[in-house]
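Chemist: Input run_30.cif, format and content: mmCIF, C-alpha atoms.
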data_structure
#
loop_
_atom_site.label_atom_id
_atom_site.label_comp_id
_atom_site.auth_asym_id
_atom_site.auth_seq_id
_atom_site.Cartn_x
_atom_site.Cartn_y
_atom_site.Cartn_z
CA MET A 161 -5.27 0.18 -30.96
CA ARG A 162 -4.19 2.89 -28.52
CA LEU A 163 -4.30 2.28 -24.76
CA THR A 164 -3.83 4.85 -22.00
CA LEU A 165 -2.86 3.65 -18.51
CA VAL A 166 -3.40 6.06 -15.61
CA HIS A 167 -2.24 5.75 -12.02
CA PRO A 168 -4.47 8.12 -10.00
CA ALA A 169 -3.22 10.26 -7.12
CA VAL A 170 -4.89 10.19 -3.71
CA GLY A 171 -5.74 13.83 -4.24
CA ARG A 172 -4.47 17.36 -4.59
CA ARG A 173 -3.70 20.21 -2.23
CA PRO A 174 -3.21 23.44 -4.20
CA GLY A 175 0.29 24.81 -3.69
CA VAL A 176 1.62 21.63 -2.04
CA ASP A 177 3.84 19.12 -3.82
CA TYR A 178 2.76 15.50 -3.69
CA MET A 179 4.26 13.43 -0.87
CA ARG A 180 7.53 11.83 -1.89
CA THR A 181 6.98 8.81 0.37
CA TRP A 182 4.02 7.83 -1.83
CA GLN A 183 5.90 8.10 -5.13
CA MET A 184 6.91 4.51 -5.73
CA GLU A 185 6.61 2.74 -9.06
CA PRO A 186 3.01 1.51 -9.49
CA LEU A 187 3.41 -2.23 -10.06
CA PRO A 188 -0.20 -2.76 -11.25
CA ILE A 189 0.65 -0.57 -14.25
CA ALA A 190 3.68 -2.74 -15.02
CA VAL A 191 1.49 -5.85 -14.87
CA LEU A 192 -1.08 -4.39 -17.29
CA ALA A 193 1.65 -3.22 -19.67
CA ALA A 194 3.17 -6.70 -19.75
CA LEU A 195 -0.23 -8.32 -20.41
CA THR A 196 -1.03 -5.96 -23.28
CA PRO A 197 -0.33 -7.26 -26.82
CA LYS A 198 2.72 -5.72 -28.48
CA ASP A 199 0.69 -4.25 -31.34
CA VAL A 200 -1.17 -2.00 -28.88
CA SER A 201 0.51 1.38 -28.36
CA ILE A 202 0.58 2.45 -24.70
CA ALA A 203 0.61 5.91 -23.14
CA PHE A 204 1.08 6.18 -19.37
CA TYR A 205 0.30 9.01 -16.96
CA ASP A 206 1.14 9.04 -13.27
CA ASP A 207 -1.33 11.54 -11.85
CA ARG A 208 0.91 12.06 -8.79
CA MET A 209 3.70 13.50 -10.90
CA GLU A 210 2.35 14.96 -14.15
CA MET A 211 -0.64 16.48 -15.89
CA ILE A 212 -2.83 14.11 -17.86
CA ASP A 213 -3.39 14.98 -21.50
CA PHE A 214 -7.08 14.14 -21.76
CA ASP A 215 -7.17 15.21 -25.40
CA ARG A 216 -4.44 12.85 -26.59
CA PRO A 217 -6.11 10.35 -28.97
CA THR A 218 -6.74 6.96 -27.37
CA ASP A 219 -9.15 4.06 -27.77
CA LEU A 220 -9.27 2.79 -24.18
CA VAL A 221 -8.28 4.04 -20.73
CA ALA A 222 -7.42 1.70 -17.83
CA ILE A 223 -7.29 2.92 -14.22
CA PRO A 224 -6.38 0.75 -11.19
CA VAL A 225 -8.44 1.98 -8.22
CA GLU A 226 -7.80 1.81 -4.48
CA THR A 227 -10.21 3.20 -1.89
CA TYR A 228 -8.11 6.30 -1.20
CA THR A 229 -7.77 7.03 -4.93
CA ALA A 230 -11.38 6.28 -5.90
CA LYS A 231 -12.58 9.89 -5.92
CA ARG A 232 -9.71 11.07 -8.10
CA ALA A 233 -10.09 8.01 -10.35
CA TYR A 234 -13.75 8.90 -10.97
CA GLN A 235 -12.77 12.48 -11.83
CA ILE A 236 -10.19 11.23 -14.33
CA ALA A 237 -12.65 8.72 -15.78
CA SER A 238 -15.27 11.45 -16.19
CA GLU A 239 -12.86 13.55 -18.26
CA PHE A 240 -12.13 10.70 -20.65
CA ARG A 241 -15.73 9.49 -20.84
CA ARG A 242 -16.88 13.06 -21.56
CA ARG A 243 -14.63 12.76 -24.63
CA ARG A 244 -16.36 9.46 -25.52
CA VAL A 245 -13.35 7.32 -24.59
CA PRO A 246 -14.32 4.07 -22.82
CA VAL A 247 -12.80 3.45 -19.39
CA VAL A 248 -12.02 0.17 -17.63
CA MET A 249 -11.26 0.07 -13.89
CA GLY A 250 -9.80 -2.65 -11.67
CA GLY A 251 -7.93 -3.08 -8.40
CA PHE A 252 -8.93 -3.62 -4.77
CA HIS A 253 -11.69 -1.01 -4.66
CA ALA A 254 -13.17 -2.18 -7.96
CA THR A 255 -13.44 -5.69 -6.55
CA LEU A 256 -14.76 -4.72 -3.12
CA MET A 257 -17.15 -1.98 -4.37
CA THR A 258 -18.04 -3.22 -7.86
CA ASP A 259 -21.54 -1.73 -7.88
CA GLU A 260 -20.11 1.71 -7.14
CA VAL A 261 -17.20 1.55 -9.57
CA LYS A 262 -19.31 0.35 -12.50
CA ASP A 263 -21.17 3.68 -12.35
CA TYR A 264 -18.00 5.44 -13.58
CA ALA A 265 -16.61 2.98 -16.12
CA GLU A 266 -17.69 1.03 -19.18
CA ALA A 267 -16.02 -2.09 -17.77
CA VAL A 268 -14.84 -3.31 -14.37
CA VAL A 269 -12.25 -6.03 -13.76
CA VAL A 270 -13.16 -7.91 -10.59
CA GLY A 271 -10.26 -9.74 -8.97
CA GLU A 272 -6.78 -10.27 -10.35
CA ALA A 273 -6.14 -9.12 -13.91
CA GLU A 274 -3.89 -11.80 -15.40
CA GLU A 275 -6.60 -14.06 -16.85
CA LEU A 276 -9.03 -11.25 -17.63
CA TRP A 277 -7.00 -8.51 -19.29
CA PRO A 278 -6.50 -10.27 -22.66
CA HIS A 279 -10.31 -10.57 -22.94
CA VAL A 280 -10.74 -6.89 -22.11
CA ILE A 281 -8.33 -5.89 -24.88
CA GLU A 282 -9.93 -8.26 -27.38
CA ASP A 283 -13.43 -6.95 -26.62
CA ALA A 284 -12.27 -3.33 -26.70
CA ARG A 285 -10.82 -3.87 -30.19
CA ALA A 286 -14.18 -5.24 -31.32
CA GLY A 287 -16.17 -2.47 -29.62
CA ARG A 288 -18.05 -4.89 -27.35
CA LEU A 289 -16.79 -4.24 -23.82
CA LYS A 290 -18.73 -6.09 -21.13
CA PRO A 291 -19.74 -4.30 -17.92
CA ILE A 292 -18.03 -6.87 -15.68
CA TYR A 293 -15.02 -9.13 -16.20
CA GLN A 294 -14.70 -11.67 -13.44
CA SER A 295 -13.00 -15.02 -13.03
CA ASN A 296 -13.50 -17.53 -10.24
CA ASN A 297 -9.92 -18.73 -10.66
CA GLN A 298 -6.83 -17.29 -9.06
CA PRO A 299 -4.19 -16.88 -11.78
CA ASP A 300 -0.99 -18.91 -11.84
CA LEU A 301 1.63 -16.54 -10.43
CA GLY A 302 4.25 -18.38 -12.45
CA GLN A 303 2.87 -16.56 -15.49
CA VAL A 304 3.10 -13.06 -13.97
CA ARG A 305 5.32 -10.62 -15.89
CA TYR A 306 6.15 -6.92 -15.47
CA ASP A 307 6.98 -4.29 -18.08
CA ARG A 308 8.76 -1.44 -16.26
CA SER A 309 9.79 0.39 -19.40
CA LEU A 310 7.00 2.92 -18.81
CA PHE A 311 8.73 4.06 -15.61
CA ARG A 312 12.03 5.13 -17.16
CA GLY A 313 12.95 8.77 -16.74
CA ARG A 314 10.37 9.43 -14.01
CA ARG A 315 11.16 10.70 -10.51
CA TYR A 316 10.23 7.64 -8.52
CA LEU A 317 11.89 6.69 -5.27
CA ARG A 318 14.94 4.58 -6.07
CA LEU A 319 13.40 1.38 -4.82
CA GLY A 320 13.13 -1.78 -6.85
CA LEU A 321 9.61 -3.06 -6.17
CA VAL A 322 9.27 -6.82 -6.53
CA GLU A 323 6.31 -9.07 -5.85
CA THR A 324 7.17 -12.55 -4.55
CA GLY A 325 3.64 -13.57 -3.57
CA ARG A 326 0.09 -12.43 -2.96
CA GLY A 327 -2.30 -12.73 -0.07
CA CYS A 328 -2.25 -13.54 3.62
CA ARG A 329 -4.01 -16.21 5.70
CA PHE A 330 -4.45 -14.13 8.86
CA PRO A 331 -8.00 -12.84 9.60
CA CYS A 332 -7.10 -9.31 10.76
CA ASP A 333 -10.34 -7.42 11.36
CA PHE A 334 -9.39 -4.20 9.52
CA CYS A 335 -7.54 -5.66 6.53
CA ALA A 336 -9.09 -5.94 3.05
CA VAL A 337 -6.34 -8.31 1.85
CA GLN A 338 -8.13 -11.28 3.41
CA THR A 339 -11.31 -10.43 1.46
CA PHE A 340 -9.65 -9.75 -1.88
CA PHE A 341 -7.54 -12.93 -1.81
CA GLN A 342 -10.07 -15.00 0.19
CA ARG A 343 -7.52 -15.69 2.96
CA THR A 344 -5.15 -17.49 0.64
CA ALA A 345 -1.42 -16.99 0.17
CA ARG A 346 0.36 -17.90 -3.08
CA HIS A 347 3.84 -17.25 -4.39
CA ARG A 348 5.76 -16.93 -7.63
CA PRO A 349 8.40 -19.49 -8.63
CA ILE A 350 11.72 -18.76 -6.96
CA ASP A 351 13.70 -18.90 -10.21
CA ALA A 352 11.41 -16.25 -11.76
CA ILE A 353 11.92 -13.95 -8.78
CA VAL A 354 15.69 -14.40 -8.81
CA SER A 355 15.84 -13.79 -12.57
CA GLU A 356 13.78 -10.61 -12.25
CA ILE A 357 15.98 -9.22 -9.47
CA ALA A 358 19.16 -10.10 -11.36
CA SER A 359 17.89 -8.06 -14.31
CA LEU A 360 17.29 -5.03 -12.06
CA LYS A 361 20.19 -5.14 -9.61
CA ASN A 362 22.41 -2.79 -11.60
CA GLU A 363 19.68 -0.10 -11.52
CA LYS A 364 18.52 -0.39 -7.89
CA LYS A 365 20.42 0.05 -4.63
CA LEU A 366 17.57 -1.26 -2.51
CA PHE A 367 14.70 -3.66 -3.23
CA PHE A 368 11.30 -3.71 -1.57
CA PHE A 369 9.37 -6.99 -1.64
CA VAL A 370 5.84 -5.62 -1.63
CA ASP A 371 4.07 -8.82 -0.55
CA ASP A 372 1.19 -8.45 1.86
CA ASN A 373 3.07 -10.86 4.13
CA PHE A 374 6.50 -12.09 3.03
CA ALA A 375 6.32 -14.78 5.73
CA ALA A 376 2.86 -16.06 4.77
CA ASP A 377 4.57 -19.34 3.77
CA LEU A 378 7.66 -19.67 5.96
CA ALA A 379 9.10 -22.66 4.11
CA PHE A 380 8.87 -20.84 0.78
CA ALA A 381 10.27 -17.60 2.24
CA ARG A 382 13.23 -19.50 3.71
CA ASP A 383 13.96 -21.19 0.36
CA LEU A 384 13.70 -17.84 -1.40
CA ALA A 385 16.14 -16.27 1.06
CA VAL A 386 18.66 -19.03 0.34
CA ALA A 387 18.29 -18.38 -3.41
CA LEU A 388 18.69 -14.61 -2.95
CA ALA A 389 21.90 -14.79 -0.92
CA PRO A 390 24.28 -15.17 -3.92
CA LEU A 391 22.86 -12.03 -5.56
CA GLY A 392 24.41 -9.75 -2.94
CA ILE A 393 21.43 -7.37 -2.88
CA ARG A 394 20.02 -5.23 -0.09
CA TRP A 395 16.27 -5.50 0.50
CA VAL A 396 13.35 -4.79 2.82
CA THR A 397 9.89 -6.30 3.10
CA GLN A 398 6.81 -6.55 5.30
CA MET A 399 5.89 -9.60 7.34
CA SER A 400 3.86 -10.77 10.32
CA ILE A 401 5.65 -10.81 13.66
CA ASN A 402 5.26 -14.55 14.20
CA ALA A 403 8.15 -15.08 11.78
CA ALA A 404 10.48 -13.14 14.09
CA HIS A 405 10.34 -16.02 16.58
CA ASP A 406 12.03 -18.35 14.09
CA GLU A 407 15.72 -17.58 14.48
CA ALA A 408 16.82 -19.92 11.71
CA PHE A 409 14.53 -17.98 9.38
CA LEU A 410 15.91 -14.63 10.56
CA ALA A 411 19.45 -15.88 10.03
CA ALA A 412 18.52 -16.85 6.47
CA LEU A 413 17.03 -13.39 5.89
CA ALA A 414 20.18 -11.69 7.16
CA ARG A 415 22.44 -13.81 4.94
CA ALA A 416 20.19 -12.97 1.97
CA GLY A 417 20.66 -9.21 2.47
CA CYS A 418 17.47 -8.35 4.36
CA SER A 419 18.07 -4.89 5.82
CA GLY A 420 14.70 -4.27 7.40
CA VAL A 421 11.16 -5.47 7.88
CA LEU A 422 7.86 -3.65 8.24
CA ILE A 423 5.86 -5.27 11.03
CA GLY A 424 2.34 -4.40 12.11
CA PHE A 425 2.54 -4.16 15.90
CA GLU A 426 -0.80 -2.28 15.75
CA SER A 427 -1.29 -2.01 19.53
CA LEU A 428 0.53 -2.61 22.82
CA ASP A 429 -2.78 -3.55 24.46
CA GLU A 430 -3.57 -7.28 24.37
CA GLY A 431 -7.31 -6.59 24.61
CA VAL A 432 -7.17 -4.39 21.53
CA LEU A 433 -5.12 -7.01 19.68
CA ARG A 434 -7.80 -9.59 20.45
CA ALA A 435 -10.44 -7.27 18.99
CA MET A 436 -8.29 -6.91 15.87
CA LYS A 437 -8.00 -10.70 15.64
CA LYS A 438 -4.23 -10.31 15.97
CA ARG A 439 -3.61 -12.39 19.09
CA PHE A 440 -0.73 -14.03 17.21
CA ASN A 441 1.19 -10.81 17.89
CA THR A 442 1.48 -11.87 21.54
CA MET A 443 2.74 -15.40 20.97
CA ARG A 444 6.04 -16.81 22.30
CA GLY A 445 7.14 -13.90 24.42
CA GLY A 446 5.41 -11.24 22.37
CA PHE A 447 7.02 -8.08 21.05
CA THR A 448 10.03 -8.01 23.37
CA ALA A 449 11.24 -11.47 22.37
CA ALA A 450 10.59 -10.85 18.67
CA LEU A 451 12.46 -7.54 18.68
CA ALA A 452 15.41 -9.07 20.53
CA ASN A 453 15.63 -11.75 17.83
CA LEU A 454 15.51 -9.20 15.01
CA ARG A 455 18.18 -7.11 16.70
CA ARG A 456 20.43 -10.13 17.19
CA HIS A 457 20.37 -10.71 13.42
CA GLY A 458 20.89 -7.05 12.53
CA ILE A 459 17.47 -6.54 10.93
CA ARG A 460 16.00 -3.04 11.22
CA VAL A 461 12.35 -2.48 12.08
CA TYR A 462 9.67 -0.28 10.55
CA GLY A 463 6.86 -0.62 13.09
CA THR A 464 3.26 0.35 12.44
CA PHE A 465 0.53 1.13 14.99
CA VAL A 466 -3.23 1.61 14.59
CA PHE A 467 -5.42 3.66 16.95
CA GLY A 468 -9.15 4.03 17.45
CA TYR A 469 -10.27 0.55 18.46
CA ASP A 470 -12.84 0.10 21.20
CA GLY A 471 -11.17 0.04 24.61
CA GLU A 472 -8.22 2.18 23.49
CA ARG A 473 -6.61 4.12 26.35
CA ALA A 474 -5.96 7.85 25.99
CA ASP A 475 -2.24 7.33 26.64
CA ALA A 476 -1.89 4.69 23.87
CA PHE A 477 -0.42 7.20 21.40
CA ASP A 478 2.38 8.39 23.68
CA GLU A 479 3.04 4.85 24.86
CA ALA A 480 3.45 3.57 21.30
CA ALA A 481 5.76 6.45 20.33
CA ALA A 482 7.92 5.87 23.42
CA PHE A 483 8.01 2.12 22.68
CA ALA A 484 9.15 2.73 19.10
CA ILE A 485 11.84 5.17 20.23
CA ASP A 486 13.05 2.96 23.09
CA HIS A 487 13.39 0.01 20.70
CA ARG A 488 15.19 2.24 18.17
CA PHE A 489 12.85 1.57 15.25
CA TYR A 490 14.33 2.70 11.96
CA LEU A 491 10.89 4.03 10.97
CA ALA A 492 7.40 3.96 12.46
CA ALA A 493 3.85 4.80 11.43
CA PHE A 494 1.09 5.88 13.81
CA ASN A 495 -2.19 5.72 11.94
CA HIS A 496 -5.85 5.89 12.80
CA LEU A 497 -8.09 2.92 12.19
CA THR A 498 -9.65 3.10 8.72
CA PRO A 499 -12.79 1.10 7.90
CA PHE A 500 -12.16 -0.08 4.34
CA PRO A 501 -15.11 -1.54 2.46
CA GLY A 502 -15.07 -5.31 2.34
CA THR A 503 -13.56 -5.71 5.81
CA PRO A 504 -15.26 -7.18 8.91
CA LEU A 505 -14.53 -3.84 10.60
CA PHE A 506 -16.48 -1.85 8.00
CA ALA A 507 -19.44 -4.23 8.19
CA ARG A 508 -19.54 -4.05 12.00
CA LEU A 509 -19.29 -0.25 12.20
CA LYS A 510 -22.00 0.11 9.57
CA ARG A 511 -24.22 -2.34 11.44
CA GLU A 512 -23.68 -0.40 14.67
CA GLY A 513 -24.45 2.93 13.00
CA ARG A 514 -20.97 4.31 13.79
CA LEU A 515 -19.84 5.35 10.31
CA LEU A 516 -19.79 9.15 10.11
CA TYR A 517 -20.10 9.11 6.31
CA GLU A 518 -21.93 6.67 4.08
CA ARG A 519 -18.84 6.49 1.85
CA TRP A 520 -16.04 8.47 3.42
CA TRP A 521 -13.80 8.13 0.36
CA LEU A 522 -16.27 10.18 -1.71
CA ASP A 523 -17.58 12.60 0.90
CA GLU A 524 -16.63 16.26 0.40
CA ARG A 525 -16.23 16.70 4.16
CA TYR A 526 -13.58 14.00 4.48
CA GLY A 527 -9.83 14.55 4.15
CA TYR A 528 -6.83 12.29 4.64
CA ASN A 529 -6.09 11.67 8.31
CA GLY A 530 -9.71 12.29 9.23
CA ILE A 531 -11.56 9.72 11.34
CA PRO A 532 -14.55 8.39 9.36
CA PHE A 533 -16.26 6.63 12.28
CA GLN A 534 -17.22 7.23 15.89
CA PRO A 535 -14.78 5.55 18.31
CA LEU A 536 -16.24 4.40 21.62
CA ALA A 537 -13.47 5.56 23.93
CA MET A 538 -12.77 9.08 22.63
CA ALA A 539 -13.83 11.76 20.17
CA PRO A 540 -12.82 11.28 16.52
CA ASP A 541 -10.56 14.32 16.56
CA ASP A 542 -8.79 13.04 19.67
CA VAL A 543 -7.68 10.04 17.62
CA ARG A 544 -6.47 12.28 14.81
CA THR A 545 -4.50 14.61 17.10
CA GLY A 546 -3.13 11.64 19.06
CA CYS A 547 -1.71 10.12 15.86
CA LEU A 548 -0.16 13.46 14.91
CA ARG A 549 1.37 13.81 18.37
CA ALA A 550 2.92 10.34 18.18
CA ARG A 551 4.37 11.06 14.72
CA ARG A 552 5.84 14.37 15.83
CA LYS A 553 7.41 12.75 18.87
CA PHE A 554 8.89 9.86 16.89
CA TYR A 555 10.20 12.12 14.09
CA SER A 556 11.51 14.81 16.42
CA TRP A 557 15.18 15.75 16.05
CA ALA A 558 15.96 14.23 19.46
CA SER A 559 14.33 10.93 18.53
CA MET A 560 16.05 10.81 15.14
CA ALA A 561 19.46 11.43 16.72
CA ARG A 562 18.87 8.78 19.38
CA ARG A 563 17.68 6.16 16.91
CA ALA A 564 20.41 6.96 14.39
CA MET A 565 23.09 6.04 16.93
CA ASP A 566 21.65 2.60 17.48
CA PRO A 567 24.24 -0.08 16.55
CA VAL A 568 21.80 -1.90 14.26
CA ASN A 569 20.62 1.24 12.44
CA ARG A 570 24.19 2.36 11.72
CA ALA A 571 25.71 -1.05 10.99
CA ASP A 572 25.25 -0.65 7.22
CA ALA A 573 26.66 2.51 5.64
CA PHE A 574 23.94 2.70 2.98
CA MET A 575 21.10 2.28 5.46
CA PHE A 576 22.71 4.69 7.92
CA ARG A 577 23.22 7.37 5.27
CA ASN A 578 19.61 7.06 4.12
CA PHE A 579 18.29 7.02 7.67
CA PHE A 580 18.37 10.81 7.81
CA VAL A 581 16.94 11.20 4.29
CA ILE A 582 13.99 8.88 4.89
CA ASN A 583 13.26 10.03 8.43
CA GLY A 584 13.53 13.63 7.25
CA MET A 585 10.94 12.99 4.53
CA HIS A 586 8.56 11.53 7.09
CA ARG A 587 9.16 14.47 9.44
CA VAL A 588 8.30 16.99 6.72
CA GLU A 589 5.17 15.10 5.73
CA VAL A 590 3.64 14.74 9.20
CA ALA A 591 1.66 17.96 8.74
CA LYS A 592 1.40 17.85 4.93
CA ARG A 593 -0.79 14.76 5.06
CA ASP A 594 -3.23 16.15 7.61
CA HIS A 595 -6.62 16.82 5.97
CA PHE A 596 -5.07 16.23 2.54
CA PRO A 597 -8.06 16.33 0.14
CA LEU A 598 -9.16 13.16 -1.60
CA GLY A 599 -9.58 13.96 -5.26
CA ASP A 600 -8.78 17.30 -6.85
CA PRO A 601 -10.79 20.08 -5.15
CA THR A 602 -10.16 22.37 -8.15
CA TRP A 603 -11.72 19.89 -10.58
CA ASN A 604 -15.02 21.07 -12.05
CA GLY A 605 -17.47 18.18 -11.92
CA PRO A 606 -19.95 16.69 -11.71
CA LEU A 607 -18.77 13.10 -11.97
CA LEU A 608 -20.09 11.54 -15.15
CA LYS A 609 -22.09 8.45 -14.30
CA ALA A 610 -23.01 5.62 -16.63
CA ALA A 611 -26.51 5.81 -18.03
#
Show me, as structure tokens, the structure contained in the file I just sent.
Modeler:
Amino acid sequence: MRLTLVHPAVGRRPGVDYMRTWQMEPLPIAVLAALTPKDVSIAFYDDRMEMIDFDRPTDLVAIPVETYTAKRAYQIASEFRRRRVPVVMGGFHATLMTDEVKDYAEAVVVGEAEELWPHVIEDARAGRLKPIYQSNNQPDLGQVRYDRSLFRGRRYLRLGLVETGRGCRFPCDFCAVQTFFQRTARHRPIDAIVSEIASLKNEKKLFFFVDDNFAADLAFARDLAVALAPLGIRWVTQMSINAAHDEAFLAALARAGCSGVLIGFESLDEGVLRAMKKRFNTMRGGFTAALANLRRHGIRVYGTFVFGYDGERADAFDEAAAFAIDHRFYLAAFNHLTPFPGTPLFARLKREGRLLYERWWLDERYGYNGIPFQPLAMAPDDVRTGCLRARRKFYSWASMARRAMDPVNRADAFMFRNFFVINGMHRVEVAKRDHFPLGDPTWNGPLLKAA
């Protein structure tokens, strides 16, 4: 049997190279490759980096789908299905919008793939694919494996992506993670994580633990940090800010080689944080105390902010940019609120009649960085231009120079050297992302729907 795995791009802009900050190894592909029996030959295409050979003989195509990549995924699926090759789709969007996705695929995997993928392969061999593969069980993460051999020789960012756990227990209003994982948080066995990293440490200078919330289980995260310390690696992750109030935990992270954390600050307005269901961001002295703790332990910060909530002030964009610069964030993101399907936010905006598109991810009028809903406090384009203004201010030459000289940001030679590379990439891409098309506008449709 011949299997083709495809990682779809968000979209295409003719004459513009794909954004480098998005070109990380796609771990879902590595999971599927590891789950696939050894007697199945695998071809892999990363749509962000190469042309797909639609005419290469294959018996099955598998495409992981996220909301931003859905339009392009359907275009790719249509090309294969036009050639009478069956397509199976999975991922967040396939789980949250199953009725939509099944229109463009012979089979849809709903939920996590580990228990379901062997059945998909078996049924594909026998020519009896089912429309839906769904399990009510969450797979044992102790059985998770990754086959990264498909990534060799490709121009990915030199980050070692590692998954230590899945899910998050927080009920953030705009986040689809809580829906997909049903507000649970699980983790892999520590010895499996350590073994995986040890096998990769000679290839990677920096690791990124891609967990939705590294600190979802503080006791586990602390034990993992202790186990990582002897490896002598350098790593970054993303976690909720409540963990930054536990100084013993931060000390363990620092000893383990943690060089930085991505934290969702989201807003500086407590009223907006309440609306987001992120009041925990204000606990125990709030941002100022948490940032002082992180600084004391030499941990750099990648802060993210979200704009467009009801009650947002017009000066919120400039205030957030100034805050991030004043606190010398290593990196920062200033993004508009996005109503993803399956979130409480999406359901509320739809109920209130405030969605500007029925399905923004498929609408021809929508482009990346557009605002797909009607904010209460300002016009949609005011939110878009406010985000752009904050990004330009944060990634200005003056801001980069000021932040680069911060004692924490320059304490590690590797992180200091890459400060200018990474910040420079973000600076270049501020405008490149604006109105970036979803899907390939040069593709000649129509999308091929199931009968």
Chemist: Rounded to one decimal in Å, what is the spacing between CA of Lys231 (chain A) and CA of Pro597 (chain A)?
Modeler: 9.9 Å
Chemist: Env of Ile582 (chain A): 12 Å cut, atoms = only C-alpha atoms, seq-sep filter 4 positions within chain, self excluded. Answer as JSON, numbers by chain.
Modeler: {"A": [180, 181, 317, 318, 462, 490, 491, 492, 555, 560, 564, 574, 575, 576, 577, 578, 586, 587, 588, 589]}
Chemist: Any chance you can output those residues with C-alpha atoms as an mmCIF file, in the coordinates of the input?
Modeler:
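Listing of again18.cif after writing:
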data_model
loop_
_atom_site.group_PDB
_atom_site.id
_atom_site.type_symbol
_atom_site.label_atom_id
_atom_site.label_comp_id
_atom_site.auth_asym_id
_atom_site.auth_seq_id
_atom_site.Cartn_x
_atom_site.Cartn_y
_atom_site.Cartn_z
ATOM 1 C CA ARG A 180 7.530 11.830 -1.890
ATOM 2 C CA THR A 181 6.980 8.810 0.370
ATOM 3 C CA LEU A 317 11.890 6.690 -5.270
ATOM 4 C CA ARG A 318 14.940 4.580 -6.070
ATOM 5 C CA TYR A 462 9.670 -0.280 10.550
ATOM 6 C CA TYR A 490 14.330 2.700 11.960
ATOM 7 C CA LEU A 491 10.890 4.030 10.970
ATOM 8 C CA ALA A 492 7.400 3.960 12.460
ATOM 9 C CA TYR A 555 10.200 12.120 14.090
ATOM 10 C CA MET A 560 16.050 10.810 15.140
ATOM 11 C CA ALA A 564 20.410 6.960 14.390
ATOM 12 C CA PHE A 574 23.940 2.700 2.980
ATOM 13 C CA MET A 575 21.100 2.280 5.460
ATOM 14 C CA PHE A 576 22.710 4.690 7.920
ATOM 15 C CA ARG A 577 23.220 7.370 5.270
ATOM 16 C CA ASN A 578 19.610 7.060 4.120
ATOM 17 C CA HIS A 586 8.560 11.530 7.090
ATOM 18 C CA ARG A 587 9.160 14.470 9.440
ATOM 19 C CA VAL A 588 8.300 16.990 6.720
ATOM 20 C CA GLU A 589 5.170 15.100 5.730
#
Chemist: Given the file shown, enumerate the residues that the PyMOL selection byres ((chain A and resi 198) around 12) captures and present them as number ranges by chain.
Modeler: A: 161-163, 192-197, 199-202, 278, 281, 307
Chemist: Compute the distance from (14.9, -7.9, -12.1) to each atom, counting only C-alpha atoms, keep the residues with any atom at most 12 Å away, and return them as a PyMOL selection string; use the coordinates of the file.
Modeler: chain A and resi 305-308+319-324+351-364+366-369+388+391+393
Chemist: CA of Ile212 (chain A) to CA of His167 (chain A): how many Å, to one decimal?
Modeler: 10.2 Å
Chemist: Can you give me, as a PyMOL selection string, the residues this file yields under the PyMOL selection byres ((chain A and resi 334-346) around 8)?
Modeler: chain A and resi 252+255-256+271+301+325-333+347-348+372+376-377+436+497-506
Chemist: CA of Thr602 (chain A) and CA of Tyr264 (chain A) are how many Å apart?
Modeler: 19.4 Å
Chemist: Specify as a list in words each residue included when the PyMOL selection byres ((chain A and resi 464) around 10) is applied to this file.
Modeler: Leu422, Ile423, Gly424, Phe425, Glu426, Ser427, Val461, Tyr462, Gly463, Phe465, Val466, Ala480, Ala484, Leu491, Ala492, Ala493, Phe494 and Asn495 of chain A
Chemist: Tell me which of A:Met209, A:Gln534, A:Arg456, A:Gly468 sits closest to Asp177 (chain A), counting all atoms listed in the file.
Modeler: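 That would be A:Met209, the residue with the smallest distance to Asp177 (chain A).
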Chemist: With distances taken over only C-alpha atoms, which residue among A:Phe240, A:Trp277, A:Phe596, A:Tyr293 lies nearest Ala254 (chain A)?
Modeler: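 Closest candidate: A:Tyr293.
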Chemist: With 8 Å as the threshold, what does the neighbourhood of (-11.3, 6.0, -9.7) contain in terms of residues, counting all atoms listed in the file? Coordinates are those of the file; answer as a list in words.
Modeler: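 Checking each residue against the 8 Å limit leaves Pro168, Ile223, Pro224, Val225, Glu226, Thr229, Ala230, Lys231, Arg232, Ala233, Tyr234, Gln235, Ile236, Ala237, Met249, Val261 and Tyr264 of chain A.
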